[in-house]
file target27.csv (CSV, C-alpha atoms and all ligand atoms)
chain,number,residue,atom,x,y,z
A,1,MET,CA,-12.8,26.0,-4.9
A,2,ILE,CA,-11.8,24.9,-1.4
A,3,GLU,CA,-9.4,27.2,0.3
A,4,ILE,CA,-7.6,26.4,3.5
A,5,GLN,CA,-6.2,29.4,5.2
A,6,ASN,CA,-3.7,29.4,8.0
A,7,LEU,CA,-5.3,26.3,9.6
A,8,LYS,CA,-4.0,25.4,13.0
A,9,LYS,CA,-5.1,22.6,15.2
A,10,GLU,CA,-4.0,22.0,18.8
A,11,TYR,CA,-5.1,19.0,20.8
A,12,LEU,CA,-5.2,19.5,24.6
A,13,THR,CA,-5.1,16.4,26.6
A,14,LYS,CA,-5.0,16.1,30.3
A,15,HIS,CA,-1.2,16.0,30.5
A,16,ALA,CA,-0.1,17.5,27.2
A,17,ARG,CA,-0.7,20.0,24.4
A,18,HIS,CA,0.0,18.8,20.9
A,19,VAL,CA,0.1,21.0,17.8
A,20,ALA,CA,-1.1,18.7,15.0
A,21,LEU,CA,-1.5,21.4,12.3
A,22,LYS,CA,0.9,24.4,12.3
A,23,GLY,CA,-0.7,26.8,9.8
A,24,ILE,CA,-1.8,25.0,6.6
A,25,ASN,CA,-2.5,27.0,3.4
A,26,LEU,CA,-3.9,25.1,0.4
A,27,LYS,CA,-6.1,25.8,-2.6
A,28,ILE,CA,-8.1,23.0,-4.2
A,29,GLN,CA,-9.6,23.9,-7.5
A,30,ASP,CA,-13.0,22.5,-8.7
A,31,GLY,CA,-12.7,19.2,-10.4
A,32,GLN,CA,-9.2,18.4,-9.2
A,33,VAL,CA,-8.1,15.1,-7.6
A,34,PHE,CA,-5.9,16.6,-4.8
A,35,GLY,CA,-3.7,14.2,-2.9
A,36,ILE,CA,-2.3,14.8,0.5
A,37,ILE,CA,0.5,12.5,1.5
A,38,GLY,CA,2.4,12.1,4.7
A,39,LYS,CA,3.8,9.6,7.2
A,40,SER,CA,1.8,8.3,10.1
A,41,GLY,CA,1.1,11.0,12.6
A,42,ALA,CA,1.8,13.8,10.1
A,43,GLY,CA,-1.6,15.3,10.6
A,44,LYS,CA,-3.5,14.0,7.5
A,45,SER,CA,-6.6,12.9,9.3
A,46,THR,CA,-6.7,16.0,11.4
A,47,LEU,CA,-6.5,18.1,8.3
A,48,ILE,CA,-9.2,16.3,6.3
A,49,ARG,CA,-11.5,16.3,9.4
A,50,CYS,CA,-11.0,20.0,9.7
A,51,ILE,CA,-12.0,20.6,6.1
A,52,ASN,CA,-15.6,19.5,6.9
A,53,LEU,CA,-15.3,20.7,10.5
A,54,LEU,CA,-15.7,17.2,11.9
A,55,GLU,CA,-12.8,18.6,13.9
A,56,ALA,CA,-13.0,22.3,15.0
A,57,PRO,CA,-9.9,24.2,13.9
A,58,SER,CA,-8.0,26.1,16.7
A,59,GLU,CA,-7.3,28.9,14.2
A,60,GLY,CA,-7.8,29.6,10.5
A,61,HIS,CA,-10.5,29.5,7.9
A,62,ILE,CA,-12.0,27.0,5.5
A,63,LEU,CA,-13.6,28.6,2.4
A,64,ILE,CA,-15.9,26.6,0.2
A,65,ASN,CA,-16.6,28.6,-3.0
A,66,GLY,CA,-15.8,31.7,-1.1
A,67,GLU,CA,-17.9,31.0,1.9
A,68,ASP,CA,-16.1,30.7,5.2
A,69,ILE,CA,-17.7,27.7,6.8
A,70,THR,CA,-15.9,28.2,10.2
A,71,LYS,CA,-18.2,31.2,10.6
A,72,LEU,CA,-21.5,29.4,10.0
A,73,SER,CA,-24.2,28.8,12.5
A,74,ASN,CA,-24.9,25.1,13.4
A,75,GLU,CA,-27.9,24.9,11.1
A,76,LYS,CA,-26.1,26.4,8.1
A,77,LEU,CA,-23.0,24.3,8.9
A,78,ARG,CA,-25.1,21.1,8.8
A,79,LYS,CA,-26.3,22.1,5.3
A,80,ALA,CA,-22.8,23.0,4.1
A,81,ARG,CA,-21.5,19.7,5.4
A,82,GLN,CA,-24.0,17.8,3.1
A,83,LYS,CA,-22.0,19.3,0.2
A,84,ILE,CA,-18.9,17.5,1.4
A,85,GLY,CA,-19.0,13.7,1.3
A,86,MET,CA,-16.5,11.6,3.2
A,87,ILE,CA,-15.2,8.0,3.0
A,88,PHE,CA,-13.0,6.2,5.5
A,89,GLN,CA,-10.4,3.4,5.7
A,90,HIS,CA,-12.8,1.1,7.6
A,91,PHE,CA,-15.9,2.1,5.5
A,92,ASN,CA,-18.0,3.1,8.6
A,93,LEU,CA,-21.2,1.4,7.3
A,94,LEU,CA,-24.2,0.7,9.5
A,95,SER,CA,-24.1,-3.0,10.0
A,96,SER,CA,-27.8,-3.4,10.8
A,97,ARG,CA,-28.9,-1.8,7.6
A,98,THR,CA,-28.9,-3.2,4.1
A,99,VAL,CA,-26.8,-1.7,1.3
A,100,TYR,CA,-29.9,0.2,0.0
A,101,ASP,CA,-30.7,1.5,3.5
A,102,ASN,CA,-27.1,2.6,4.1
A,103,ILE,CA,-27.2,4.6,0.9
A,104,SER,CA,-30.6,6.1,1.7
A,105,PHE,CA,-29.7,7.0,5.2
A,106,PRO,CA,-28.4,10.6,4.6
A,107,LEU,CA,-31.4,11.3,2.4
A,108,GLU,CA,-33.8,10.0,5.1
A,109,LEU,CA,-32.1,12.4,7.6
A,110,GLN,CA,-32.8,15.2,5.1
A,111,HIS,CA,-36.5,14.1,4.9
A,112,VAL,CA,-36.3,13.5,1.2
A,113,SER,CA,-39.5,11.7,-0.1
A,114,LYS,CA,-39.5,7.9,-0.5
A,115,ASP,CA,-39.9,8.1,-4.3
A,116,LYS,CA,-37.0,10.4,-4.7
A,117,ILE,CA,-34.9,8.3,-2.4
A,118,HIS,CA,-35.8,5.2,-4.4
A,119,THR,CA,-34.7,6.8,-7.7
A,120,LYS,CA,-31.5,8.3,-6.3
A,121,VAL,CA,-30.4,5.1,-4.5
A,122,ASN,CA,-30.9,3.0,-7.6
A,123,GLU,CA,-29.0,5.5,-9.7
A,124,LEU,CA,-26.1,5.4,-7.2
A,125,LEU,CA,-26.2,1.6,-7.0
A,126,THR,CA,-25.7,1.5,-10.8
A,127,LEU,CA,-23.0,4.2,-10.6
A,128,VAL,CA,-20.9,2.2,-8.3
A,129,GLY,CA,-21.7,-1.2,-9.8
A,130,LEU,CA,-23.7,-2.7,-7.0
A,131,ASP,CA,-27.2,-3.2,-8.5
A,132,GLN,CA,-27.2,-6.8,-7.4
A,133,LYS,CA,-26.3,-6.1,-3.8
A,134,ALA,CA,-29.1,-3.7,-2.7
A,135,ARG,CA,-30.6,-6.2,-0.2
A,136,SER,CA,-27.3,-7.5,1.2
A,137,TYR,CA,-25.9,-6.5,4.6
A,138,PRO,CA,-22.4,-5.0,5.0
A,139,ASP,CA,-21.2,-8.3,6.6
A,140,GLU,CA,-22.0,-10.1,3.4
A,141,LEU,CA,-19.8,-7.8,1.2
A,142,SER,CA,-16.1,-7.8,0.3
A,143,GLY,CA,-13.9,-4.8,1.3
A,144,GLY,CA,-14.1,-3.3,-2.1
A,145,GLN,CA,-17.9,-3.7,-2.2
A,146,LYS,CA,-18.2,-2.0,1.2
A,147,GLN,CA,-16.1,0.9,0.0
A,148,ARG,CA,-18.4,1.2,-3.0
A,149,VAL,CA,-21.4,1.4,-0.7
A,150,ALA,CA,-19.6,4.1,1.3
A,151,ILE,CA,-18.9,6.0,-1.9
A,152,ALA,CA,-22.5,5.8,-3.0
A,153,ARG,CA,-23.7,6.9,0.4
A,154,ALA,CA,-21.3,9.9,0.4
A,155,LEU,CA,-22.6,10.9,-3.1
A,156,ALA,CA,-26.3,10.7,-2.1
A,157,SER,CA,-26.4,14.4,-1.1
A,158,GLU,CA,-24.7,15.3,-4.4
A,159,PRO,CA,-21.7,16.8,-2.8
A,160,VAL,CA,-19.3,19.2,-4.6
A,161,ALA,CA,-16.3,17.4,-3.0
A,162,LEU,CA,-15.5,14.0,-1.7
A,163,LEU,CA,-12.9,13.6,1.1
A,164,CYS,CA,-11.2,10.2,1.3
A,165,ASP,CA,-9.2,9.3,4.4
A,166,GLU,CA,-7.0,6.4,3.5
A,167,ALA,CA,-9.9,5.0,1.6
A,168,THR,CA,-7.9,2.1,0.0
A,169,SER,CA,-5.6,1.3,2.9
A,170,ALA,CA,-7.6,-1.7,4.0
A,171,LEU,CA,-7.8,-3.1,0.5
A,172,ASP,CA,-5.6,-5.5,-1.5
A,173,PRO,CA,-3.7,-4.0,-4.5
A,174,GLU,CA,-6.2,-5.2,-7.1
A,175,THR,CA,-9.2,-3.9,-5.2
A,176,THR,CA,-7.3,-0.7,-4.5
A,177,ASP,CA,-6.9,-0.2,-8.3
A,178,GLN,CA,-10.6,-0.8,-8.9
A,179,ILE,CA,-11.7,1.7,-6.2
A,180,LEU,CA,-9.1,4.3,-7.5
A,181,THR,CA,-10.5,3.7,-11.1
A,182,LEU,CA,-14.0,4.3,-9.8
A,183,LEU,CA,-13.0,7.5,-8.0
A,184,LYS,CA,-11.3,8.8,-11.1
A,185,ARG,CA,-14.4,8.0,-13.2
A,186,LEU,CA,-16.6,9.8,-10.7
A,187,ASN,CA,-14.2,12.8,-10.8
A,188,LYS,CA,-14.5,13.0,-14.6
A,189,GLU,CA,-18.2,12.1,-15.0
A,190,LEU,CA,-19.6,14.2,-12.1
A,191,ASN,CA,-16.8,16.9,-12.1
A,192,LEU,CA,-16.4,15.8,-8.5
A,193,THR,CA,-13.5,17.4,-6.6
A,194,ILE,CA,-11.7,14.7,-4.6
A,195,ILE,CA,-9.4,15.3,-1.7
A,196,LEU,CA,-7.6,12.1,-1.0
A,197,ILE,CA,-5.2,11.5,1.9
A,198,THR,CA,-2.8,8.6,1.9
A,199,HIS,CA,0.6,7.4,3.0
A,200,GLU,CA,1.1,5.6,-0.3
A,201,MET,CA,2.7,7.4,-3.2
A,202,ASP,CA,1.4,4.8,-5.6
A,203,VAL,CA,-2.2,6.0,-4.9
A,204,ILE,CA,-1.1,9.6,-5.6
A,205,ARG,CA,0.6,8.5,-8.8
A,206,LYS,CA,-2.4,6.7,-10.1
A,207,ILE,CA,-5.2,9.2,-9.8
A,208,CYS,CA,-4.1,12.6,-8.4
A,209,ASP,CA,-3.6,15.8,-10.4
A,210,GLN,CA,-2.1,17.8,-7.6
A,211,VAL,CA,-0.3,16.8,-4.5
A,212,ALA,CA,0.7,18.3,-1.1
A,213,ILE,CA,3.2,16.6,1.2
A,214,ILE,CA,2.5,17.1,4.9
A,215,ASP,CA,5.0,16.4,7.6
A,216,GLU,CA,4.7,17.2,11.3
A,217,GLY,CA,1.7,19.4,10.7
A,218,GLU,CA,3.2,21.5,8.0
A,219,ILE,CA,3.0,21.4,4.2
A,220,GLN,CA,6.5,20.7,2.9
A,221,GLU,CA,5.9,20.8,-0.9
A,222,THR,CA,3.0,21.2,-3.3
A,223,GLY,CA,2.8,20.8,-7.1
A,224,THR,CA,1.4,18.7,-9.9
A,225,VAL,CA,2.0,15.0,-9.5
A,226,THR,CA,4.3,15.0,-12.6
A,227,GLU,CA,6.4,17.9,-11.2
A,228,LEU,CA,6.7,16.2,-7.9
A,229,PHE,CA,7.9,12.9,-9.4
A,230,LEU,CA,10.3,14.5,-11.9
A,231,SER,CA,11.7,17.3,-9.7
A,232,PRO,CA,11.1,16.7,-6.0
A,233,LYS,CA,12.6,19.5,-4.0
A,234,THR,CA,12.5,18.5,-0.4
A,235,ALA,CA,14.1,15.4,1.2
A,236,ILE,CA,10.7,14.0,2.2
A,237,ALA,CA,9.4,14.4,-1.4
A,238,LYS,CA,12.5,12.7,-2.7
A,239,SER,CA,12.1,9.8,-0.3
A,240,PHE,CA,8.4,9.3,-1.2
A,241,THR,CA,9.0,9.4,-5.0
A,242,GLU,CA,12.1,7.2,-4.9
A,243,ASN,CA,10.3,4.5,-3.0
A,244,SER,CA,7.3,4.6,-5.3
A,245,MET,CA,9.3,4.7,-8.5
A,246,HIS,CA,11.7,2.0,-7.4
A,247,LEU,CA,14.5,4.4,-7.8
A,248,LYS,CA,16.4,3.6,-4.6
A,249,LEU,CA,19.8,2.5,-5.9
A,250,PRO,CA,20.8,-0.9,-4.7
A,251,GLU,CA,23.5,-0.8,-2.0
A,252,GLU,CA,26.1,-2.5,-4.2
A,253,ILE,CA,25.8,0.3,-6.8
A,254,GLN,CA,25.6,3.1,-4.2
A,255,SER,CA,28.8,1.8,-2.5
A,256,LYS,CA,30.8,2.2,-5.7
A,257,LEU,CA,29.9,5.8,-6.3
A,258,TYR,CA,32.3,8.7,-5.5
A,259,ASN,CA,31.1,12.2,-4.8
A,260,ASP,CA,33.5,14.0,-7.1
A,261,PRO,CA,35.5,13.0,-10.2
A,262,TYR,CA,38.9,13.7,-8.6
A,263,GLN,CA,38.5,11.3,-5.6
A,264,ALA,CA,40.2,8.5,-7.6
A,265,GLU,CA,41.8,7.9,-11.0
A,266,HIS,CA,39.7,7.5,-14.1
A,267,LEU,CA,36.3,8.3,-12.7
A,268,SER,CA,33.5,9.1,-14.9
A,269,PRO,CA,29.9,10.1,-14.2
A,270,VAL,CA,26.9,7.9,-13.3
A,271,ILE,CA,23.8,9.7,-14.5
A,272,LYS,CA,20.1,9.4,-14.0
A,273,MET,CA,18.0,10.3,-17.1
A,274,THR,CA,14.3,11.0,-16.6
A,275,PHE,CA,12.1,11.5,-19.6
A,276,LEU,CA,8.4,12.0,-20.2
A,277,GLY,CA,6.2,10.4,-22.7
A,278,ASP,CA,7.4,8.4,-25.6
A,279,SER,CA,10.8,10.0,-26.1
A,280,ILE,CA,13.3,7.2,-25.8
A,281,THR,CA,16.8,7.5,-24.6
A,282,THR,CA,18.3,5.0,-27.0
A,283,PRO,CA,18.9,7.5,-29.9
A,284,VAL,CA,20.4,10.0,-27.5
A,285,ILE,CA,22.7,7.3,-26.1
A,286,ALA,CA,23.7,6.4,-29.6
A,287,GLU,CA,24.5,10.0,-30.4
A,288,LEU,CA,26.8,10.3,-27.4
A,289,ASN,CA,28.8,7.5,-28.9
A,290,SER,CA,29.0,9.0,-32.5
A,291,LYS,CA,29.4,12.6,-31.4
A,292,PHE,CA,31.6,12.4,-28.4
A,293,LYS,CA,33.0,8.8,-28.3
A,294,VAL,CA,31.2,8.3,-25.0
A,295,SER,CA,29.6,4.9,-24.4
A,296,CYS,CA,26.9,4.4,-21.8
A,297,ASN,CA,26.7,1.3,-19.6
A,298,ILE,CA,23.0,1.0,-18.6
A,299,ILE,CA,22.9,0.0,-14.9
A,300,GLN,CA,19.1,0.3,-14.3
A,301,ALA,CA,16.1,1.2,-16.5
A,302,ASN,CA,12.4,1.3,-15.9
A,303,ILE,CA,9.3,2.8,-17.3
A,304,GLU,CA,6.7,3.9,-14.7
A,305,ARG,CA,3.3,5.4,-15.1
A,306,ILE,CA,2.1,8.7,-13.7
A,307,GLN,CA,-1.6,8.8,-14.3
A,308,ALA,CA,-1.8,8.1,-18.1
A,309,GLN,CA,1.7,9.2,-18.9
A,310,SER,CA,4.8,7.1,-19.1
A,311,VAL,CA,8.0,8.2,-17.4
A,312,GLY,CA,11.3,6.5,-18.2
A,313,ILE,CA,14.1,6.4,-15.8
A,314,THR,CA,17.5,5.2,-16.9
A,315,ILE,CA,20.7,5.1,-14.7
A,316,CYS,CA,23.8,4.7,-16.7
A,317,HIS,CA,27.6,5.0,-16.4
A,318,MET,CA,29.2,7.2,-19.0
A,319,LEU,CA,32.5,5.8,-20.2
A,320,GLY,CA,35.1,7.8,-22.1
A,321,GLU,CA,37.8,10.5,-21.8
A,322,LYS,CA,37.1,13.3,-19.3
A,323,ASP,CA,37.0,16.0,-22.0
A,324,ASN,CA,34.6,13.9,-24.0
A,325,TRP,CA,32.1,13.0,-21.2
A,326,GLU,CA,32.1,16.7,-20.1
A,327,LYS,CA,31.0,17.7,-23.6
A,328,ALA,CA,28.5,14.9,-23.7
A,329,LEU,CA,27.0,16.0,-20.4
A,330,GLY,CA,26.7,19.5,-21.8
A,331,PHE,CA,24.9,18.0,-24.8
A,332,LEU,CA,22.6,16.0,-22.6
A,333,HIS,CA,21.6,19.0,-20.6
A,334,GLN,CA,20.3,20.6,-23.9
A,335,GLN,CA,18.0,17.6,-24.6
A,336,GLN,CA,14.4,17.1,-23.5
A,337,ILE,CA,15.6,14.8,-20.8
A,338,LYS,CA,16.1,15.6,-17.1
A,339,ILE,CA,19.7,14.7,-16.3
A,340,GLU,CA,21.2,14.3,-12.8
A,341,VAL,CA,24.7,13.2,-12.0
A,342,ILE,CA,24.4,10.9,-9.1
A,343,GLY,CA,28.1,10.1,-8.6
A,344,TYR,CA,31.2,9.0,-10.3
A,345,ALA,CA,32.6,5.5,-10.7
A,346,THR,CA,35.7,3.7,-12.0
A,347,ILE,CA,35.7,2.2,-15.4
A,348,ASN,CA,35.1,-1.4,-14.3
A,349,ALA,CA,32.8,-0.6,-11.4
A,350,PHE,CA,29.7,-2.2,-13.0
A,401,LIG,N1,-8.0,13.5,19.5
A,401,LIG,C1,-6.7,13.7,19.6
A,401,LIG,N2,-6.2,14.1,20.8
A,401,LIG,C2,-4.9,14.3,20.9
A,401,LIG,N3,-4.0,14.2,20.0
A,401,LIG,C3,-4.4,13.8,18.8
A,401,LIG,C4,-5.8,13.5,18.5
A,401,LIG,N4,-6.0,13.1,17.2
A,401,LIG,C5,-4.7,13.1,16.7
A,401,LIG,N5,-3.8,13.5,17.6
A,401,LIG,C6,-2.4,13.7,17.4
A,401,LIG,O1,-2.2,14.5,16.3
A,401,LIG,C7,-1.2,14.1,15.4
A,401,LIG,C8,-1.7,13.9,14.0
A,401,LIG,O2,-2.6,12.8,14.0
A,401,LIG,P1,-3.4,12.4,12.7
A,401,LIG,O3,-4.4,11.4,13.1
A,401,LIG,O4,-4.0,13.6,12.0
A,401,LIG,O5,-2.2,11.7,11.8
A,401,LIG,P2,-2.3,11.0,10.4
A,401,LIG,O6,-1.3,11.7,9.5
A,401,LIG,O7,-3.7,10.8,10.0
A,401,LIG,O8,-1.7,9.5,10.8
A,401,LIG,P3,-2.1,8.1,10.3
A,401,LIG,O9,-1.4,7.9,8.9
A,401,LIG,O10,-1.4,7.2,11.3
A,401,LIG,O11,-3.5,7.9,10.2
A,401,LIG,C9,-0.6,12.8,16.0
A,401,LIG,O12,0.5,13.1,16.7
A,401,LIG,C10,-1.7,12.4,16.9
A,401,LIG,O13,-1.2,11.7,18.1
A,402,MG,MG,-5.0,9.2,9.7

call {"tool": "encode", "arguments": {"input": "target27.csv", "output": "structure tokens", "more": "lines below"}}
Ligand SMILES: Nc1ncnc2c1ncn2[C@@H]1O[C@H](COP(=O)(O)OP(=O)(O)OP(=O)(O)O)[C@@H](O)[C@H]1O
Ligand SMILES: [Mg+2]
result
Amino acid sequence: MIEIQNLKKEYLTKHARHVALKGINLKIQDGQVFGIIGKSGAGKSTLIRCINLLEAPSEGHILINGEDITKLSNEKLRKARQKIGMIFQHFNLLSSRTVYDNISFPLELQHVSKDKIHTKVNELLTLVGLDQKARSYPDELSGGQKQRVAIARALASEPVALLCDEATSALDPETTDQILTLLKRLNKELNLTIILITHEMDVIRKICDQVAIIDEGEIQETGTVTELFLSPKTAIAKSFTENSMHLKLPEEIQSKLYNDPYQAEHLSPVIKMTFLGDSITTPVIAELNSKFKVSCNIIQANIERIQAQSVGITICHMLGEKDNWEKALGFLHQQQIKIEVIGYATINAF
């Protein structure tokens, strides 16, 4: 387990003092893919660089399997660092070395024998799907291939955790998917803990188990990825998830919504239904009609994926007498569906 306790980081420049991390507390369990998301300047890179002490924390502790690495001597710290691999947005490969020699580099620094290096590098090349590229130079590779080399190099010392700082931000969507799939496979096959920072919710949605949202150097919200998507609590979590799930209501719909049912005549609720897995809203909507004489005008519907799970989101306008839709709402709240009234609209609004 990786534990971050009360981590603070202050940058002092000639003219200013900037507090980049204001007391971060996080626990990352073994084998998790843990995502940290935040806007530009939120402190993500600072945080991930403090985890392997590439950046010295101003205060706080980093515990790896119970050992506080902020207290280690330089020699011991060097050893501890080998157990945490890292990959970057711009790959950071050595351009004068071949793919093979890039991957072997950390092992050479540890004075591992040539034979062992040979076996290990070939194993890693196969693992990341680059057997054919051993003798190529980084300049001769695509972005996705370069990131595969970086991943293989990071895994050479058999780390317990891999830190990824915007590892897919320089890649196109298809290559991003391939790298994320590779990371997930490594997570499963090697039980590798992955800490991944990104400003893209789609990355979190595809491979993370757990997520923390950071803003202005503070953690705003943490939880499982499903929890975060289905019930975001903070404004920043809502904005990240809405953008990723294409939930932002178009302006022409938003402009027709009233905040309460008495603001105009004959208003009825517009609701958002979110449901997990294969449960489908159609039977529920049919029941509203037969039980309560309430019909539903579907304004927007989509199915999204969170990891391997499907999540359906339907926005619909309930039409019927007030007494009836009130009962229907009560009924909906008892179903296995998350219901949120997002406003009220007149009968012919949509
Ligand atoms: N070496 C430094 N000296 C002074 N200030 C710094 C230094 N590194 C980062 N900062 C400041 O700390 C804050 C957090 O920076 P950080 O690089 O951690 O953000 P980030 O979340 O990774 O952003 P991005 O998504 O743009 O990479 C920023 O305001 C930044 O200007
Ligand atoms: Mg950064």

call {"tool": "residues_near_ligand", "arguments": {"input": "target27.csv", "ligand": "ligand LIG 401 (chain A)", "cutoff": "7 Å", "atoms": "only C-alpha atoms and all ligand atoms", "output": "JSON, numbers by chain"}}
result
{"A": [11, 12, 13, 18, 20, 38, 39, 40, 41, 42, 43, 44, 45, 46, 47, 199]}

call {"tool": "residues_around", "arguments": {"input": "target27.csv", "residues": "Asn243 of chain A", "least_positions_apart": "5", "cutoff": "9 Å", "atoms": "only C-alpha atoms", "output": "CSV table (one decimal) with C-alpha atoms, in the frame of the given file"}}
result
chain,number,residue,atom,x,y,z
A,201,MET,CA,2.7,7.4,-3.2
A,238,LYS,CA,12.5,12.7,-2.7
A,248,LYS,CA,16.4,3.6,-4.6

call {"tool": "closest_residue", "arguments": {"input": "target27.csv", "among": "A:Phe91, A:His61, A:Thr198, A:Arg17", "to": "ligand MG 402 (chain A)", "atoms": "all atoms listed in the file"}}
result
A:Thr198

call {"tool": "residues_near_point", "arguments": {"input": "target27.csv", "point": "(-18.9, 14.0, 2.6)", "cutoff": "8 Å", "atoms": "only C-alpha atoms", "output": "list in words"}}
result
Asn52, Arg81, Gln82, Lys83, Ile84, Gly85, Met86, Ile87, Ala154, Leu155, Pro159, Ala161, Leu162 and Leu163 of chain A

call {"tool": "residues_around", "arguments": {"input": "target27.csv", "residues": "Lys120 of chain A", "least_positions_apart": "2", "cutoff": "12 Å", "atoms": "all atoms listed in the file", "output": "PyMOL selection string"}}
result
chain A and resi 100-101+103-108+112-118+122-127+152-153+155-158

call {"tool": "atom_distance", "arguments": {"input": "target27.csv", "atom1": "atom CA of Ser310 of chain A", "atom2": "atom CA of Ser268 of chain A"}}
result
29.1 Å

call {"tool": "residues_near_point", "arguments": {"input": "target27.csv", "point": "(-2.6, 23.4, 13.2)", "cutoff": "9 Å", "atoms": "only C-alpha atoms", "output": "ChimeraX atom specification"}}
result
/A:6-10,19-24,43,46-47,57-60,217-218

call {"tool": "write_last_selection", "arguments": {"input": "target27.csv", "atoms": "C-alpha atoms", "output": "PDB file, in the coordinates of the input"}}
result
ATOM      1  CA  ASN A   6      -3.700  29.400   8.000  1.00  0.00           C
ATOM      2  CA  LEU A   7      -5.300  26.300   9.600  1.00  0.00           C
ATOM      3  CA  LYS A   8      -4.000  25.400  13.000  1.00  0.00           C
ATOM      4  CA  LYS A   9      -5.100  22.600  15.200  1.00  0.00           C
ATOM      5  CA  GLU A  10      -4.000  22.000  18.800  1.00  0.00           C
ATOM      6  CA  VAL A  19       0.100  21.000  17.800  1.00  0.00           C
ATOM      7  CA  ALA A  20      -1.100  18.700  15.000  1.00  0.00           C
ATOM      8  CA  LEU A  21      -1.500  21.400  12.300  1.00  0.00           C
ATOM      9  CA  LYS A  22       0.900  24.400  12.300  1.00  0.00           C
ATOM     10  CA  GLY A  23      -0.700  26.800   9.800  1.00  0.00           C
ATOM     11  CA  ILE A  24      -1.800  25.000   6.600  1.00  0.00           C
ATOM     12  CA  GLY A  43      -1.600  15.300  10.600  1.00  0.00           C
ATOM     13  CA  THR A  46      -6.700  16.000  11.400  1.00  0.00           C
ATOM     14  CA  LEU A  47      -6.500  18.100   8.300  1.00  0.00           C
ATOM     15  CA  PRO A  57      -9.900  24.200  13.900  1.00  0.00           C
ATOM     16  CA  SER A  58      -8.000  26.100  16.700  1.00  0.00           C
ATOM     17  CA  GLU A  59      -7.300  28.900  14.200  1.00  0.00           C
ATOM     18  CA  GLY A  60      -7.800  29.600  10.500  1.00  0.00           C
ATOM     19  CA  GLY A 217       1.700  19.400  10.700  1.00  0.00           C
ATOM     20  CA  GLU A 218       3.200  21.500   8.000  1.00  0.00           C
TER      21      GLU A 218
END

call {"tool": "closest_residue", "arguments": {"input": "target27.csv", "among": "A:His333, A:Lys327, A:His317, A:Lys206", "to": "Ile347 of chain A", "atoms": "all atoms listed in the file"}}
result
A:His317

call {"tool": "closest_residue", "arguments": {"input": "target27.csv", "among": "A:Pro269, A:Gln110, A:Val121, A:Arg49", "to": "ligand MG 402 (chain A)", "atoms": "all atoms listed in the file"}}
result
A:Arg49

call {"tool": "build_atoms", "arguments": {"input": "target27.csv", "residues": "segment 57-68 of chain A", "atoms": "N, CA and C atoms", "output": "PDB file, keeping the file's coordinate frame"}}
result
ATOM      1  N   PRO A  57     -11.225  23.618  13.960  1.00  0.00           N
ATOM      2  CA  PRO A  57      -9.900  24.200  13.900  1.00  0.00           C
ATOM      3  C   PRO A  57      -9.627  25.095  15.110  1.00  0.00           C
ATOM      4  N   SER A  58      -8.373  25.160  15.570  1.00  0.00           N
ATOM      5  CA  SER A  58      -8.000  26.100  16.700  1.00  0.00           C
ATOM      6  C   SER A  58      -7.940  27.506  16.099  1.00  0.00           C
ATOM      7  N   GLU A  59      -7.472  27.594  14.846  1.00  0.00           N
ATOM      8  CA  GLU A  59      -7.300  28.900  14.200  1.00  0.00           C
ATOM      9  C   GLU A  59      -7.469  28.657  12.677  1.00  0.00           C
ATOM     10  N   GLY A  60      -7.769  29.714  11.939  1.00  0.00           N
ATOM     11  CA  GLY A  60      -7.800  29.600  10.500  1.00  0.00           C
ATOM     12  C   GLY A  60      -9.154  29.503   9.886  1.00  0.00           C
ATOM     13  N   HIS A  61      -9.186  29.431   8.578  1.00  0.00           N
ATOM     14  CA  HIS A  61     -10.500  29.500   7.900  1.00  0.00           C
ATOM     15  C   HIS A  61     -10.538  28.389   6.783  1.00  0.00           C
ATOM     16  N   ILE A  62     -11.757  27.887   6.567  1.00  0.00           N
ATOM     17  CA  ILE A  62     -12.000  27.000   5.500  1.00  0.00           C
ATOM     18  C   ILE A  62     -13.068  27.629   4.579  1.00  0.00           C
ATOM     19  N   LEU A  63     -12.676  27.942   3.356  1.00  0.00           N
ATOM     20  CA  LEU A  63     -13.600  28.600   2.400  1.00  0.00           C
ATOM     21  C   LEU A  63     -14.057  27.625   1.363  1.00  0.00           C
ATOM     22  N   ILE A  64     -15.376  27.477   1.242  1.00  0.00           N
ATOM     23  CA  ILE A  64     -15.900  26.600   0.200  1.00  0.00           C
ATOM     24  C   ILE A  64     -16.637  27.537  -0.801  1.00  0.00           C
ATOM     25  N   ASN A  65     -16.142  27.611  -2.015  1.00  0.00           N
ATOM     26  CA  ASN A  65     -16.600  28.600  -3.000  1.00  0.00           C
ATOM     27  C   ASN A  65     -16.814  29.950  -2.384  1.00  0.00           C
ATOM     28  N   GLY A  66     -15.803  30.364  -1.677  1.00  0.00           N
ATOM     29  CA  GLY A  66     -15.800  31.700  -1.100  1.00  0.00           C
ATOM     30  C   GLY A  66     -16.463  31.877   0.221  1.00  0.00           C
ATOM     31  N   GLU A  67     -17.224  30.858   0.652  1.00  0.00           N
ATOM     32  CA  GLU A  67     -17.900  31.000   1.900  1.00  0.00           C
ATOM     33  C   GLU A  67     -17.127  30.376   3.063  1.00  0.00           C
ATOM     34  N   ASP A  68     -16.888  31.177   4.086  1.00  0.00           N
ATOM     35  CA  ASP A  68     -16.100  30.700   5.200  1.00  0.00           C
ATOM     36  C   ASP A  68     -16.972  29.843   6.134  1.00  0.00           C
TER      37      ASP A  68
END
